[in-house]
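**Student:** I'm passing along data38.txt; it holds compact mmCIF, C-alpha atoms.
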# COMPACT_ATOMS: atom_id res chain seq x y z
CA MET A 1 77.37 152.22 37.70
CA ILE A 2 73.61 151.65 37.54
CA ARG A 3 73.87 150.56 33.91
CA ALA A 4 76.58 148.04 34.85
CA VAL A 5 74.37 146.61 37.61
CA GLN A 6 71.47 146.34 35.16
CA TRP A 7 73.50 144.37 32.67
CA LEU A 8 74.82 142.09 35.40
CA ILE A 9 71.25 141.32 36.45
CA VAL A 10 70.25 140.76 32.82
CA ALA A 11 73.08 138.22 32.48
CA VAL A 12 72.13 136.37 35.66
CA TYR A 13 68.45 136.46 34.67
CA ALA A 14 69.21 135.03 31.23
CA VAL A 15 71.23 132.16 32.71
CA LEU A 16 68.54 131.31 35.27
CA VAL A 17 65.74 131.41 32.69
CA ILE A 18 67.40 129.68 29.72
CA VAL A 19 69.97 127.18 30.99
CA PRO A 20 67.72 125.10 33.34
CA ALA A 21 65.27 124.54 30.47
CA LEU A 22 68.10 122.88 28.52
CA LEU A 23 69.18 120.60 31.35
CA PRO A 24 67.61 117.30 32.47
CA LEU A 25 65.25 117.58 35.40
CA PRO A 26 66.97 117.13 38.78
CA ASP A 27 66.80 113.77 40.53
CA ASN A 28 65.77 113.14 44.12
CA ALA A 29 69.36 113.51 45.35
CA ALA A 30 69.72 117.08 44.04
CA HIS A 31 69.88 120.07 46.39
CA LEU A 32 69.41 123.79 45.98
CA TRP A 33 73.13 124.37 46.31
CA THR A 34 74.19 121.57 43.93
CA ASN A 35 71.69 121.81 41.08
CA LEU A 36 71.21 124.85 38.85
CA THR A 37 67.57 124.03 38.08
CA LEU A 38 66.60 123.88 41.74
CA ALA A 39 68.69 126.96 42.47
CA ALA A 40 66.92 128.87 39.68
CA GLN A 41 63.48 127.82 40.93
CA PHE A 42 64.35 128.96 44.42
CA ALA A 43 65.86 132.21 43.14
CA PHE A 44 62.77 133.12 41.12
CA TRP A 45 59.91 131.88 43.28
CA GLY A 46 61.49 131.66 46.71
CA ILE A 47 63.42 134.94 46.78
CA TRP A 48 62.97 137.11 43.70
CA TRP A 49 59.22 137.58 43.39
CA PRO A 50 58.08 137.55 47.03
CA PHE A 51 60.71 140.03 48.12
CA VAL A 52 60.33 142.26 45.08
CA LEU A 53 56.77 142.71 46.35
CA VAL A 54 58.15 143.66 49.76
CA SER A 55 60.49 146.18 48.14
CA MET A 56 57.48 147.95 46.58
CA VAL A 57 56.09 148.67 50.04
CA LEU A 58 59.47 149.71 51.43
CA VAL A 59 61.07 151.79 48.66
CA GLY A 60 58.49 152.09 45.92
CA ARG A 61 59.23 150.91 42.40
CA ALA A 62 63.00 151.22 42.68
CA TRP A 63 63.19 147.63 41.43
CA CYS A 64 61.47 148.69 38.21
CA GLY A 65 63.66 151.71 37.59
CA VAL A 66 67.03 150.33 38.58
CA LEU A 67 67.09 146.52 38.67
CA CYS A 68 64.37 144.96 36.50
CA PRO A 69 65.93 143.10 33.54
CA GLU A 70 62.80 143.40 31.39
CA GLY A 71 62.64 147.15 31.90
CA ALA A 72 66.32 147.58 31.10
CA LEU A 73 66.08 145.45 27.95
CA SER A 74 62.89 147.15 26.76
CA GLU A 75 64.39 150.62 27.17
CA PHE A 76 67.66 149.54 25.56
CA ALA A 77 65.79 148.11 22.57
CA SER A 78 63.78 151.32 22.24
CA ARG A 79 66.98 153.17 21.30
CA TRP A 80 66.44 151.63 17.87
CA SER A 81 62.68 151.92 18.00
CA ARG A 82 60.68 152.43 14.83
CA GLY A 83 59.03 155.21 16.80
CA TYR A 84 55.46 154.22 16.04
CA ALA A 85 52.73 155.99 18.01
CA VAL A 86 51.47 153.89 20.89
CA PRO A 87 48.14 152.39 19.72
CA ARG A 88 44.98 152.55 21.78
CA TRP A 89 44.88 148.81 22.41
CA ILE A 90 48.15 149.07 24.33
CA THR A 91 46.88 151.88 26.54
CA TRP A 92 43.66 149.99 27.39
CA GLN A 93 43.11 150.33 31.14
CA GLY A 94 42.08 146.71 31.57
CA TRP A 95 45.58 145.33 30.95
CA PRO A 96 46.73 145.38 34.62
CA PHE A 97 44.01 142.88 35.57
CA VAL A 98 44.05 140.85 32.36
CA ALA A 99 47.85 140.48 32.29
CA PHE A 100 47.99 139.56 35.98
CA ALA A 101 45.16 137.05 35.62
CA GLY A 102 46.52 135.51 32.45
CA THR A 103 50.05 134.92 33.70
CA THR A 104 48.83 133.69 37.10
CA VAL A 105 46.40 131.15 35.64
CA TYR A 106 48.78 129.99 32.92
CA GLY A 107 51.49 129.54 35.53
CA GLN A 108 49.21 127.24 37.52
CA MET A 109 48.22 125.24 34.44
CA THR A 110 51.85 124.56 33.52
CA SER A 111 53.28 124.26 37.07
CA VAL A 112 55.63 127.18 36.50
CA TYR A 113 56.88 126.98 40.10
CA GLY A 114 58.14 123.44 39.66
CA TYR A 115 59.57 123.10 36.16
CA PRO A 116 62.04 125.17 34.09
CA LYS A 117 60.34 125.01 30.67
CA PRO A 118 57.23 126.89 31.84
CA VAL A 119 59.58 129.47 33.40
CA LEU A 120 61.19 129.94 30.00
CA ALA A 121 57.74 130.24 28.40
CA VAL A 122 56.34 132.72 30.94
CA LEU A 123 59.33 134.85 31.89
CA GLY A 124 61.23 134.40 28.65
CA GLY A 125 58.12 135.07 26.58
CA SER A 126 57.39 138.19 28.60
CA THR A 127 60.94 139.44 28.10
CA VAL A 128 60.84 138.87 24.34
CA ALA A 129 57.52 140.73 24.18
CA ALA A 130 59.04 143.62 26.15
CA ILE A 131 61.92 143.86 23.68
CA VAL A 132 59.59 143.74 20.66
CA VAL A 133 57.41 146.50 22.11
CA GLY A 134 60.55 148.55 22.73
CA LEU A 135 61.63 148.10 19.11
CA LEU A 136 58.26 149.23 17.81
CA TYR A 137 56.98 152.00 20.07
CA GLY A 138 58.52 155.00 21.80
CA ARG A 139 62.13 156.03 21.55
CA ASN A 140 64.11 155.59 24.79
CA LYS A 141 60.84 154.78 26.58
CA ARG A 142 59.47 151.85 28.53
CA VAL A 143 56.11 151.44 26.83
CA TRP A 144 55.96 147.78 27.90
CA CYS A 145 56.50 148.66 31.55
CA ARG A 146 53.99 151.51 31.49
CA TYR A 147 51.11 149.55 30.00
CA LEU A 148 51.65 145.81 29.43
CA CYS A 149 53.94 144.36 32.11
CA PRO A 150 51.97 141.57 33.89
CA VAL A 151 52.91 142.87 37.34
CA ASN A 152 52.72 146.58 36.58
CA GLY A 153 49.32 146.89 38.22
CA VAL A 154 50.32 145.05 41.39
CA PHE A 155 53.50 147.09 41.71
CA ALA A 156 51.57 150.32 41.15
CA VAL A 157 49.11 149.69 43.98
CA LEU A 158 51.70 148.36 46.46
CA SER A 159 54.07 151.28 45.91
CA LYS A 160 51.36 153.61 47.18
CA LEU A 161 52.28 152.41 50.67
CA ALA A 162 55.99 153.23 50.35
CA PRO A 163 57.31 155.71 52.94
CA VAL A 164 59.63 157.28 50.37
CA SER A 165 58.87 158.73 46.95
CA PHE A 166 59.84 161.40 44.46
CA GLN A 167 57.71 164.44 45.22
CA VAL A 168 57.00 167.50 43.10
CA ASP A 169 56.77 171.03 44.48
CA ARG A 170 54.39 172.58 41.97
CA ALA A 171 54.96 176.10 43.25
CA ALA A 172 58.72 175.75 42.85
CA TRP A 173 58.21 174.27 39.38
CA ALA A 174 56.04 177.21 38.31
CA ALA A 175 58.41 179.77 39.84
CA SER A 176 61.59 178.37 38.29
CA PRO A 177 62.83 179.90 35.03
CA LYS A 178 61.84 177.95 31.95
CA PRO A 179 64.88 175.88 31.04
CA VAL A 180 66.74 176.60 27.84
CA ARG A 181 66.02 174.02 25.16
CA GLY A 182 68.14 170.96 25.87
CA ALA A 183 69.24 172.16 29.30
CA GLU A 184 68.26 170.24 32.41
CA ALA A 185 66.37 167.77 30.24
CA PHE A 186 65.65 164.29 31.55
CA ASN A 187 64.11 161.21 30.03
CA CYS A 188 61.19 159.78 32.01
CA ALA A 189 61.27 156.31 30.50
CA PRO A 190 57.96 155.07 32.01
CA LEU A 191 56.10 158.05 30.54
CA VAL A 192 55.09 159.66 33.83
CA PRO A 193 53.80 163.27 33.64
CA VAL A 194 56.25 164.41 36.30
CA LYS A 195 54.97 167.97 36.53
CA THR A 196 51.57 166.79 37.77
CA MET A 197 52.74 163.64 39.58
CA ARG A 198 51.25 163.29 43.07
CA GLY A 199 51.62 159.58 43.82
CA ALA A 200 54.21 156.82 43.53
CA GLY A 201 52.21 154.28 41.54
CA ALA A 202 53.62 155.05 38.10
CA CYS A 203 57.07 156.36 39.14
CA HIS A 204 59.95 153.91 38.65
CA MET A 205 62.21 155.69 41.14
CA CYS A 206 65.07 155.90 38.64
CA GLY A 207 66.03 159.37 39.90
CA ARG A 208 66.49 160.96 36.48
CA CYS A 209 64.09 163.79 37.31
CA SER A 210 65.64 164.48 40.73
CA GLY A 211 66.35 168.19 41.15
CA HIS A 212 64.66 169.16 37.89
CA ARG A 213 63.77 172.88 38.02
CA GLY A 214 64.51 172.73 41.74
CA ALA A 215 61.10 171.13 42.23
CA VAL A 216 61.58 167.34 42.27
CA ARG A 217 63.15 165.57 45.21
CA LEU A 218 63.25 162.22 46.96
CA ALA A 219 61.55 162.61 50.33
CA LEU A 220 59.93 160.73 53.17
CA ARG A 221 56.18 160.65 53.62
CA SER A 222 53.60 158.84 55.72
CA PRO A 223 52.86 155.34 54.34
CA ASN A 224 49.19 156.28 54.65
CA HIS A 225 49.43 159.57 52.78
CA GLU A 226 48.77 158.50 49.22
CA ILE A 227 45.84 156.20 50.03
CA VAL A 228 44.13 158.77 52.26
CA HIS A 229 44.86 162.04 50.47
CA VAL A 230 45.58 161.22 46.81
CA ALA A 231 43.72 158.03 45.82
CA GLY A 232 40.32 159.63 46.29
CA GLU A 233 41.12 162.29 43.71
CA GLU A 234 42.31 159.73 41.18
CA PRO A 235 39.55 157.06 41.15
CA SER A 236 40.58 154.02 39.15
CA LEU A 237 38.26 151.25 37.98
CA ASP A 238 41.18 149.16 36.73
CA GLN A 239 42.90 149.27 40.12
CA SER A 240 39.66 148.42 41.93
CA MET A 241 39.23 145.40 39.64
CA LEU A 242 42.81 144.33 40.23
CA ILE A 243 42.52 144.64 44.01
CA LEU A 244 39.07 143.09 44.49
CA PHE A 245 38.96 140.46 41.73
CA GLY A 246 42.69 139.94 41.22
CA MET A 247 44.81 140.19 44.36
CA LEU A 248 42.01 139.37 46.83
CA ALA A 249 40.17 136.75 44.76
CA LEU A 250 41.94 135.21 41.76
CA ALA A 251 45.26 134.96 43.62
CA VAL A 252 43.51 133.11 46.44
CA GLY A 253 42.08 130.54 44.04
CA ALA A 254 45.45 130.13 42.33
CA PHE A 255 47.27 129.38 45.57
CA GLN A 256 44.43 127.36 47.12
CA TRP A 257 43.30 124.91 44.47
CA SER A 258 46.01 122.27 44.87
CA SER A 259 45.38 122.00 48.62
CA SER A 260 41.62 122.43 48.59
CA PRO A 261 39.40 119.50 49.62
CA TRP A 262 36.67 121.16 47.56
CA TYR A 263 38.77 120.70 44.44
CA VAL A 264 39.34 117.02 45.30
CA GLU A 265 35.64 116.43 45.92
CA ALA A 266 34.69 118.16 42.67
CA LYS A 267 37.22 116.05 40.76
CA GLN A 268 35.92 112.81 42.28
CA TRP A 269 32.33 113.76 41.51
CA ALA A 270 33.13 114.78 37.95
CA ALA A 271 35.18 111.64 37.30
CA THR A 272 32.39 109.42 38.63
CA TRP A 273 29.78 111.22 36.54
CA LEU A 274 31.87 110.93 33.37
CA ILE A 275 32.54 107.23 33.88
CA GLU A 276 28.88 106.51 34.57
CA HIS A 277 27.99 108.23 31.30
CA GLY A 278 30.66 106.39 29.32
CA THR A 279 32.90 109.39 28.72
CA THR A 280 36.46 108.71 29.82
CA TRP A 281 38.62 110.73 27.42
CA PRO A 282 38.87 113.77 29.78
CA LEU A 283 40.40 111.43 32.37
CA GLU A 284 42.79 109.75 29.93
CA HIS A 285 44.17 112.60 27.86
CA SER A 286 46.40 115.52 28.70
CA ALA A 287 47.99 118.26 26.62
CA PRO A 288 51.58 119.34 25.83
CA TRP A 289 53.60 120.72 28.74
CA PHE A 290 53.12 124.29 27.48
CA VAL A 291 49.34 123.93 27.88
CA LEU A 292 48.97 121.63 30.90
CA THR A 293 51.51 120.04 33.23
CA ASN A 294 52.72 116.89 31.49
CA TYR A 295 55.73 115.10 32.95
CA PRO A 296 54.89 111.36 32.97
CA ASP A 297 58.40 110.37 34.06
CA ARG A 298 57.75 112.36 37.24
CA ASN A 299 54.21 110.97 37.66
CA ASP A 300 53.02 114.55 37.29
CA VAL A 301 50.42 114.75 34.54
CA MET A 302 47.41 117.02 34.52
CA THR A 303 44.53 115.51 32.58
CA LEU A 304 42.00 117.54 30.66
CA LEU A 305 39.60 117.06 33.57
CA ASP A 306 42.24 118.40 35.98
CA GLY A 307 42.84 121.43 33.79
CA GLY A 308 39.15 122.16 33.37
CA LEU A 309 38.50 121.92 37.10
CA LEU A 310 41.55 124.09 37.85
CA LEU A 311 40.13 126.81 35.61
CA ALA A 312 36.70 126.35 37.15
CA TYR A 313 38.06 126.59 40.71
CA ILE A 314 40.09 129.73 40.06
CA GLY A 315 37.23 131.23 38.06
CA ALA A 316 34.72 130.50 40.82
CA ALA A 317 37.03 131.98 43.46
CA THR A 318 37.51 135.09 41.32
CA VAL A 319 33.80 135.65 40.75
CA ILE A 320 32.47 134.68 44.18
CA LEU A 321 35.11 136.41 46.29
CA GLY A 322 35.34 139.39 43.96
CA LEU A 323 31.59 139.99 44.04
CA ALA A 324 31.39 139.42 47.80
CA LEU A 325 34.19 141.88 48.49
CA SER A 326 32.72 144.39 46.04
CA ALA A 327 29.36 144.14 47.81
CA ILE A 328 30.99 144.78 51.19
CA VAL A 329 32.88 147.81 49.89
CA ALA A 330 29.68 149.04 48.24
CA LEU A 331 27.90 148.71 51.60
CA ALA A 332 30.69 150.75 53.20
CA THR A 333 30.23 153.37 50.47
CA VAL A 334 26.49 153.65 51.07
CA ALA A 335 27.05 153.81 54.84
CA LEU A 336 28.90 157.09 54.31
CA GLY A 337 25.81 158.77 52.91
CA GLY A 338 24.67 157.36 49.61
CA TRP A 339 26.25 155.80 46.56
CA SER A 340 29.38 157.34 45.07
CA LEU A 341 31.56 155.51 42.56
CA ARG A 342 34.49 157.75 43.45
CA ARG A 343 34.10 156.88 47.14
CA PHE A 344 33.79 153.17 46.27
CA HIS A 345 37.14 153.24 44.46
CA HIS A 346 38.71 155.20 47.32
CA LEU A 347 37.54 152.71 49.96
CA THR A 348 38.78 149.83 47.79
CA GLN A 349 42.27 151.30 48.01
CA THR A 350 42.22 150.81 51.79
CA LEU A 351 42.37 147.05 51.19
CA ILE A 352 45.79 147.27 49.53
CA PRO A 353 47.73 146.22 52.68
CA VAL A 354 45.76 143.01 53.21
CA ALA A 355 45.72 142.29 49.45
CA GLY A 356 49.49 142.69 49.17
CA CYS A 357 50.07 140.63 52.29
CA GLY A 358 48.04 137.75 50.87
CA VAL A 359 49.97 137.66 47.60
CA PHE A 360 53.27 137.81 49.50
CA LEU A 361 52.25 134.95 51.80
CA GLY A 362 51.18 132.85 48.83
CA LEU A 363 54.55 133.32 47.14
CA SER A 364 56.58 133.00 50.33
CA ALA A 365 54.90 129.65 50.97
CA LEU A 366 57.01 128.48 48.04
CA THR A 367 60.09 129.77 49.86
CA VAL A 368 59.21 127.62 52.85
CA THR A 369 58.43 124.61 50.64
CA PHE A 370 61.74 124.83 48.74
CA LEU A 371 63.74 125.07 51.96
CA ARG A 372 61.79 122.30 53.65
CA GLY A 373 62.47 120.06 50.66
CA ASP A 374 66.17 120.37 51.47
CA GLY A 375 65.65 119.76 55.17
CA ILE A 376 65.85 123.43 56.18
CA VAL A 377 63.03 124.29 58.58
CA VAL A 378 62.14 127.95 58.96
CA PRO A 379 61.12 128.53 62.60
CA TYR A 380 57.91 130.28 63.66
CA VAL A 381 56.41 130.29 60.17
CA ALA A 382 52.84 130.02 61.45
CA GLU A 383 53.40 132.82 63.95
CA MET A 384 54.94 135.10 61.32
CA ARG A 385 52.08 134.47 58.93
CA ALA A 386 49.53 135.21 61.62
CA GLY A 387 51.36 138.38 62.60
CA LEU A 388 51.55 139.62 59.02
CA LEU A 389 47.86 138.94 58.36
CA ALA A 390 46.83 140.63 61.60
CA GLY A 391 49.07 143.63 60.98
CA ALA A 392 47.95 144.06 57.36
CA SER A 393 44.28 143.79 58.38
CA LEU A 394 44.67 146.41 61.09
CA TRP A 395 46.47 148.67 58.63
CA SER A 396 43.58 148.35 56.16
CA VAL A 397 41.07 149.09 58.91
CA TRP A 398 43.04 152.16 59.99
CA LEU A 399 43.18 153.41 56.40
CA ALA A 400 39.42 152.86 56.11
CA TRP A 401 38.86 154.87 59.29
CA ARG A 402 40.97 157.72 57.90
CA VAL A 403 39.29 157.67 54.48
CA ALA A 404 35.78 157.40 55.94
CA GLY A 405 36.55 160.35 58.17
CA LEU A 406 37.04 162.58 55.13
CA GLY A 407 33.34 162.55 54.38
CA ALA A 408 31.49 161.53 57.52
CA GLY A 409 31.77 161.11 61.25
CA GLY A 410 30.16 159.29 64.12
CA LEU A 411 28.11 156.20 63.33
CA ARG A 412 28.48 156.54 59.55
CA ARG A 413 32.25 156.55 59.82
CA ALA A 414 32.20 153.61 62.22
CA ALA A 415 29.81 151.63 60.01
CA ALA A 416 31.92 152.13 56.88
CA THR A 417 35.06 151.14 58.76
CA ALA A 418 33.33 148.04 60.12
CA CYS A 419 32.42 147.01 56.57
CA ILE A 420 36.04 147.28 55.43
CA ALA A 421 37.04 145.30 58.51
CA GLY A 422 34.60 142.64 57.33
CA ALA A 423 36.21 142.60 53.89
CA ALA A 424 39.66 142.24 55.46
CA THR A 425 38.35 139.41 57.65
CA LEU A 426 36.98 137.57 54.60
CA SER A 427 40.35 137.88 52.92
CA VAL A 428 42.20 136.62 55.97
CA ALA A 429 39.79 133.69 56.30
CA ASN A 430 40.86 132.40 52.90
CA TRP A 431 44.50 132.27 53.98
CA VAL A 432 43.54 130.69 57.31
CA LEU A 433 41.89 127.89 55.35
CA LEU A 434 45.06 127.35 53.31
CA PHE A 435 47.67 127.62 56.06
CA TRP A 436 45.94 126.30 59.17
CA ILE A 437 42.84 124.24 58.31
CA TRP A 438 43.60 122.38 55.06
With the file now loaded, output its structure as structure tokens.
**Tutor:**
Amino acid sequence: MIRAVQWLIVAVYAVLVIVPALLPLPDNAAHLWTNLTLAAQFAFWGIWWPFVLVSMVLVGRAWCGVLCPEGALSEFASRWSRGYAVPRWITWQGWPFVAFAGTTVYGQMTSVYGYPKPVLAVLGGSTVAAIVVGLLYGRNKRVWCRYLCPVNGVFAVLSKLAPVSFQVDRAAWAASPKPVRGAEAFNCAPLVPVKTMRGAGACHMCGRCSGHRGAVRLALRSPNHEIVHVAGEEPSLDQSMLILFGMLALAVGAFQWSSSPWYVEAKQWAATWLIEHGTTWPLEHSAPWFVLTNYPDRNDVMTLLDGGLLLAYIGAATVILGLALSAIVALATVALGGWSLRRFHHLTQTLIPVAGCGVFLGLSALTVTFLRGDGIVVPYVAEMRAGLLAGASLWSVWLAWRVAGLGAGGLRRAAATACIAGAATLSVANWVLLFWIW
């Protein structure tokens, strides 16, 4: 049954990715319910991605294990894998940030949310890469999903908040008789060391290990449990980079730039300076659509100057916000009694709720835009955004209070929590600029 659902989703996914790229662009009279291209854009960016993020917080990575077309295709291809050993460059811990940053920035450069060809390049290219990796490495495994998927890192951190996960009773595992060779075997496709698994970040919730040796079961837990009690024992530089410089910084720049008056002012200044110095080619030339947005028949062309300033804006947001947030978390770390890299990484994890909320709001803004373009007004959008930001911030502050309490009390605990509250406030301020001020 699950396999049938997977292939159905693969078929729908293929149609939505490939067919719109072969069709002419929709005219002004087209609607979501009458035009496949618009329907595909809304399906991917208005429903699929924002609510897949929500599913991570609600049910962990069940999407990855059961529904993701890339995961299904990669594992299917690995049945005929050459079985090569996974090279070190694939297991590099920096991929979660680099893959997230690369796809996010490239998507902005090519206007992936508005045109079907960039969708084919980004999503289709990712899918082809997943299949190739499956054919080369690991038999019946999801090497692509485990190491290279562009959203693997984001899914891994968000799933830590899920109130349900597969949990391992180590005592029961140790006490159970060693299974006979071939008996009770299961294939953990995402290469999770199930015996020692304590968190939900890497687990794809496929259920294949359920009941193994009477020690693995699907169970409820507190949404705070993994951040408070597990994350501190598994410090992760790559996740800290992804949270601080990726989800809380780069994503902000990616969603902000097109609405930012700072971007407009910088463009005007740069254009004036170039003209005064007799250099006009950056204002007159663009690049192919697969490098920069280039649709002259739609009056939508990104010049080389536009592209350069886009990269500069997102880069500046990444560096400035990332460093500012890192400094605040570092201050919280010191407030607990001196510098500790492990404690720094642990406190960074408390910002996952507000980081995830920001990325969701950025994507869901596309949902609102698509619907508004067809005359459908979603009521109380501003109020819902404010409520989500407030709730996520309070959740992060509560997590910080719990984590700080593991190593200190009194004023030290309060000071560290106040610092994390400051980091959450800075994050919220960026979305306030986008949604309410600009």
**Student:** Residues proximal to (67.8, 149.5, 35.2) were defined as those with any atom within 10 Å of that point in the file's coordinates, counting all atoms listed in the file. Which are they, as a ChimeraX atom specification?
**Tutor:** /A:2-7,9-10,62-73,75-76,204,206
**Student:** For range 333-345 of chain A, please output as a PyMOL selection string all residues within 10 Å (counting only C-alpha atoms; exclusion window: fewer than 2 positions along the same chain).
**Tutor:** chain A and resi 231-241+326-331+347-350+403-409+411-417+419-420
**Student:** Please list, as JSON, numbers by chain, the residues that have an atom at most 6 Å away from (51.7, 156.0, 46.9) in the coordinates of this file, counting all atoms listed in the file.
**Tutor:** {"A": [159, 160, 161, 199, 200, 201, 226]}
**Student:** Report, in Å with one decimal, the straight-line distance from CA of Leu220 in chain A to CA of Gly358 in chain A.
**Tutor:**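 CA of Gly358 in chain A lies at a distance of 26.0 Å from CA of Leu220 in chain A.
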**Student:** Need to verify the contact set: Ala312 in chain A, 12 Å, only C-alpha atoms, exclusion of same-chain residues closer than 4 positions in sequence. Can you return it as number ranges by chain?
**Tutor:** A: 105, 109, 250, 253-254, 257, 262-263, 266-267, 305-308, 316-320
**Student:** Please write the residues from the selection above to a file, keeping C-alpha atoms, as a PDB file, in the frame of the given file.
**Tutor:**
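To be explicit, this is the file written out as selection-v7.pdb:
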ATOM      1  CA  VAL A 105      46.400 131.150  35.640  1.00  0.00           C
ATOM      2  CA  MET A 109      48.220 125.240  34.440  1.00  0.00           C
ATOM      3  CA  LEU A 250      41.940 135.210  41.760  1.00  0.00           C
ATOM      4  CA  GLY A 253      42.080 130.540  44.040  1.00  0.00           C
ATOM      5  CA  ALA A 254      45.450 130.130  42.330  1.00  0.00           C
ATOM      6  CA  TRP A 257      43.300 124.910  44.470  1.00  0.00           C
ATOM      7  CA  TRP A 262      36.670 121.160  47.560  1.00  0.00           C
ATOM      8  CA  TYR A 263      38.770 120.700  44.440  1.00  0.00           C
ATOM      9  CA  ALA A 266      34.690 118.160  42.670  1.00  0.00           C
ATOM     10  CA  LYS A 267      37.220 116.050  40.760  1.00  0.00           C
ATOM     11  CA  LEU A 305      39.600 117.060  33.570  1.00  0.00           C
ATOM     12  CA  ASP A 306      42.240 118.400  35.980  1.00  0.00           C
ATOM     13  CA  GLY A 307      42.840 121.430  33.790  1.00  0.00           C
ATOM     14  CA  GLY A 308      39.150 122.160  33.370  1.00  0.00           C
ATOM     15  CA  ALA A 316      34.720 130.500  40.820  1.00  0.00           C
ATOM     16  CA  ALA A 317      37.030 131.980  43.460  1.00  0.00           C
ATOM     17  CA  THR A 318      37.510 135.090  41.320  1.00  0.00           C
ATOM     18  CA  VAL A 319      33.800 135.650  40.750  1.00  0.00           C
ATOM     19  CA  ILE A 320      32.470 134.680  44.180  1.00  0.00           C
TER      20      ILE A 320
END
**Student:** In Å, how far is it from CA of Pro96 in chain A to CA of Ala400 in chain A?
**Tutor:**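 Pair CA of Pro96 in chain A / CA of Ala400 in chain A returns 23.9 Å.
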**Student:** Write out as a short mmCIF file (atom, residue, chain, number, x, y, z; two decimals) with C-alpha atoms, in the coordinates of the input which residues come within 9 Å of range 135-150 of chain A when counting all atoms listed in the file, dropping same-chain ones fewer than 5 positions away.
**Tutor:**
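Saved to part.cif:
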data_model
loop_
_atom_site.label_atom_id
_atom_site.label_comp_id
_atom_site.auth_asym_id
_atom_site.auth_seq_id
_atom_site.Cartn_x
_atom_site.Cartn_y
_atom_site.Cartn_z
CA CYS A 64 61.47 148.69 38.21
CA GLU A 70 62.80 143.40 31.39
CA GLY A 71 62.64 147.15 31.90
CA ALA A 72 66.32 147.58 31.10
CA SER A 74 62.89 147.15 26.76
CA GLU A 75 64.39 150.62 27.17
CA PHE A 76 67.66 149.54 25.56
CA ALA A 77 65.79 148.11 22.57
CA SER A 78 63.78 151.32 22.24
CA ARG A 79 66.98 153.17 21.30
CA TRP A 80 66.44 151.63 17.87
CA SER A 81 62.68 151.92 18.00
CA ARG A 82 60.68 152.43 14.83
CA GLY A 83 59.03 155.21 16.80
CA TYR A 84 55.46 154.22 16.04
CA ALA A 85 52.73 155.99 18.01
CA VAL A 86 51.47 153.89 20.89
CA PRO A 87 48.14 152.39 19.72
CA ILE A 90 48.15 149.07 24.33
CA THR A 91 46.88 151.88 26.54
CA TRP A 92 43.66 149.99 27.39
CA GLN A 93 43.11 150.33 31.14
CA TRP A 95 45.58 145.33 30.95
CA PRO A 96 46.73 145.38 34.62
CA PHE A 97 44.01 142.88 35.57
CA VAL A 98 44.05 140.85 32.36
CA ALA A 99 47.85 140.48 32.29
CA PHE A 100 47.99 139.56 35.98
CA ALA A 101 45.16 137.05 35.62
CA GLY A 102 46.52 135.51 32.45
CA THR A 103 50.05 134.92 33.70
CA SER A 126 57.39 138.19 28.60
CA ALA A 129 57.52 140.73 24.18
CA ALA A 130 59.04 143.62 26.15
CA ASN A 187 64.11 161.21 30.03
CA CYS A 188 61.19 159.78 32.01
CA ALA A 189 61.27 156.31 30.50
CA PRO A 190 57.96 155.07 32.01
CA LEU A 191 56.10 158.05 30.54
CA VAL A 192 55.09 159.66 33.83
CA ALA A 202 53.62 155.05 38.10
#
**Student:** State, in Å with one decimal place, the distance from CA of Met205 in chain A to CA of Ile227 in chain A.
**Tutor:**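 Straight-line distance from CA of Met205 in chain A to CA of Ile227 in chain A works out to 18.6 Å.
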**Student:** Excluding Asn430 in chain A and any residue of its chain fewer than 5 positions from it, enumerate the residues within 12 Å of it, using all atoms listed in the file, and give them as a list in words.
**Tutor:**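 In the requested form, the answer reads Leu248, Ala249, Leu250, Ala251, Val252, Gly253, Ala254, Phe255, Gln256, Trp257, Ser260, Ala317, Leu321, Val354, Ala355, Gly358, Val359, Leu361, Gly362, Leu389, Ala423, Ala424, Thr425, Phe435, Trp436, Ile437 and Trp438 of chain A.
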**Student:** Here is a test: counting all atoms listed in the file, which residue of A:Pro379, A:Pro261, A:Pro50, A:Pro193 is nearest to Gly356 in chain A?
**Tutor:**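 The closest residue to Gly356 in chain A is A:Pro50.
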**Student:** Looking at only C-alpha atoms, which of A:Ala185, A:Val432, A:Ala11, A:Leu274 is the one that sits closest to Ala386 in chain A?
**Tutor:**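 Nearest to Ala386 in chain A: A:Val432.
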**Student:** Calculated over only C-alpha atoms, which of the candidates A:Phe186, A:Phe370, A:Trp89, A:Tyr313 has the smallest distance to Ala43 in chain A?
**Tutor:**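 Counting only C-alpha atoms, the residue closest to Ala43 in chain A is A:Phe370.
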**Student:** Using only C-alpha atoms, find the one residue out of A:Arg385, A:Lys117, A:His229, A:Arg198 that sits nearest to Gln167 in chain A.
**Tutor:**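 Smallest distance to Gln167 in chain A is found for A:Arg198.
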**Student:** For a quick check of understanding, using all atoms listed in the file, which of A:Pro163, A:Gly387, A:Pro282, A:Pro24 has the smallest distance to Asn224 in chain A?
**Tutor:**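 For Asn224 in chain A, the nearest of the candidates is A:Pro163.
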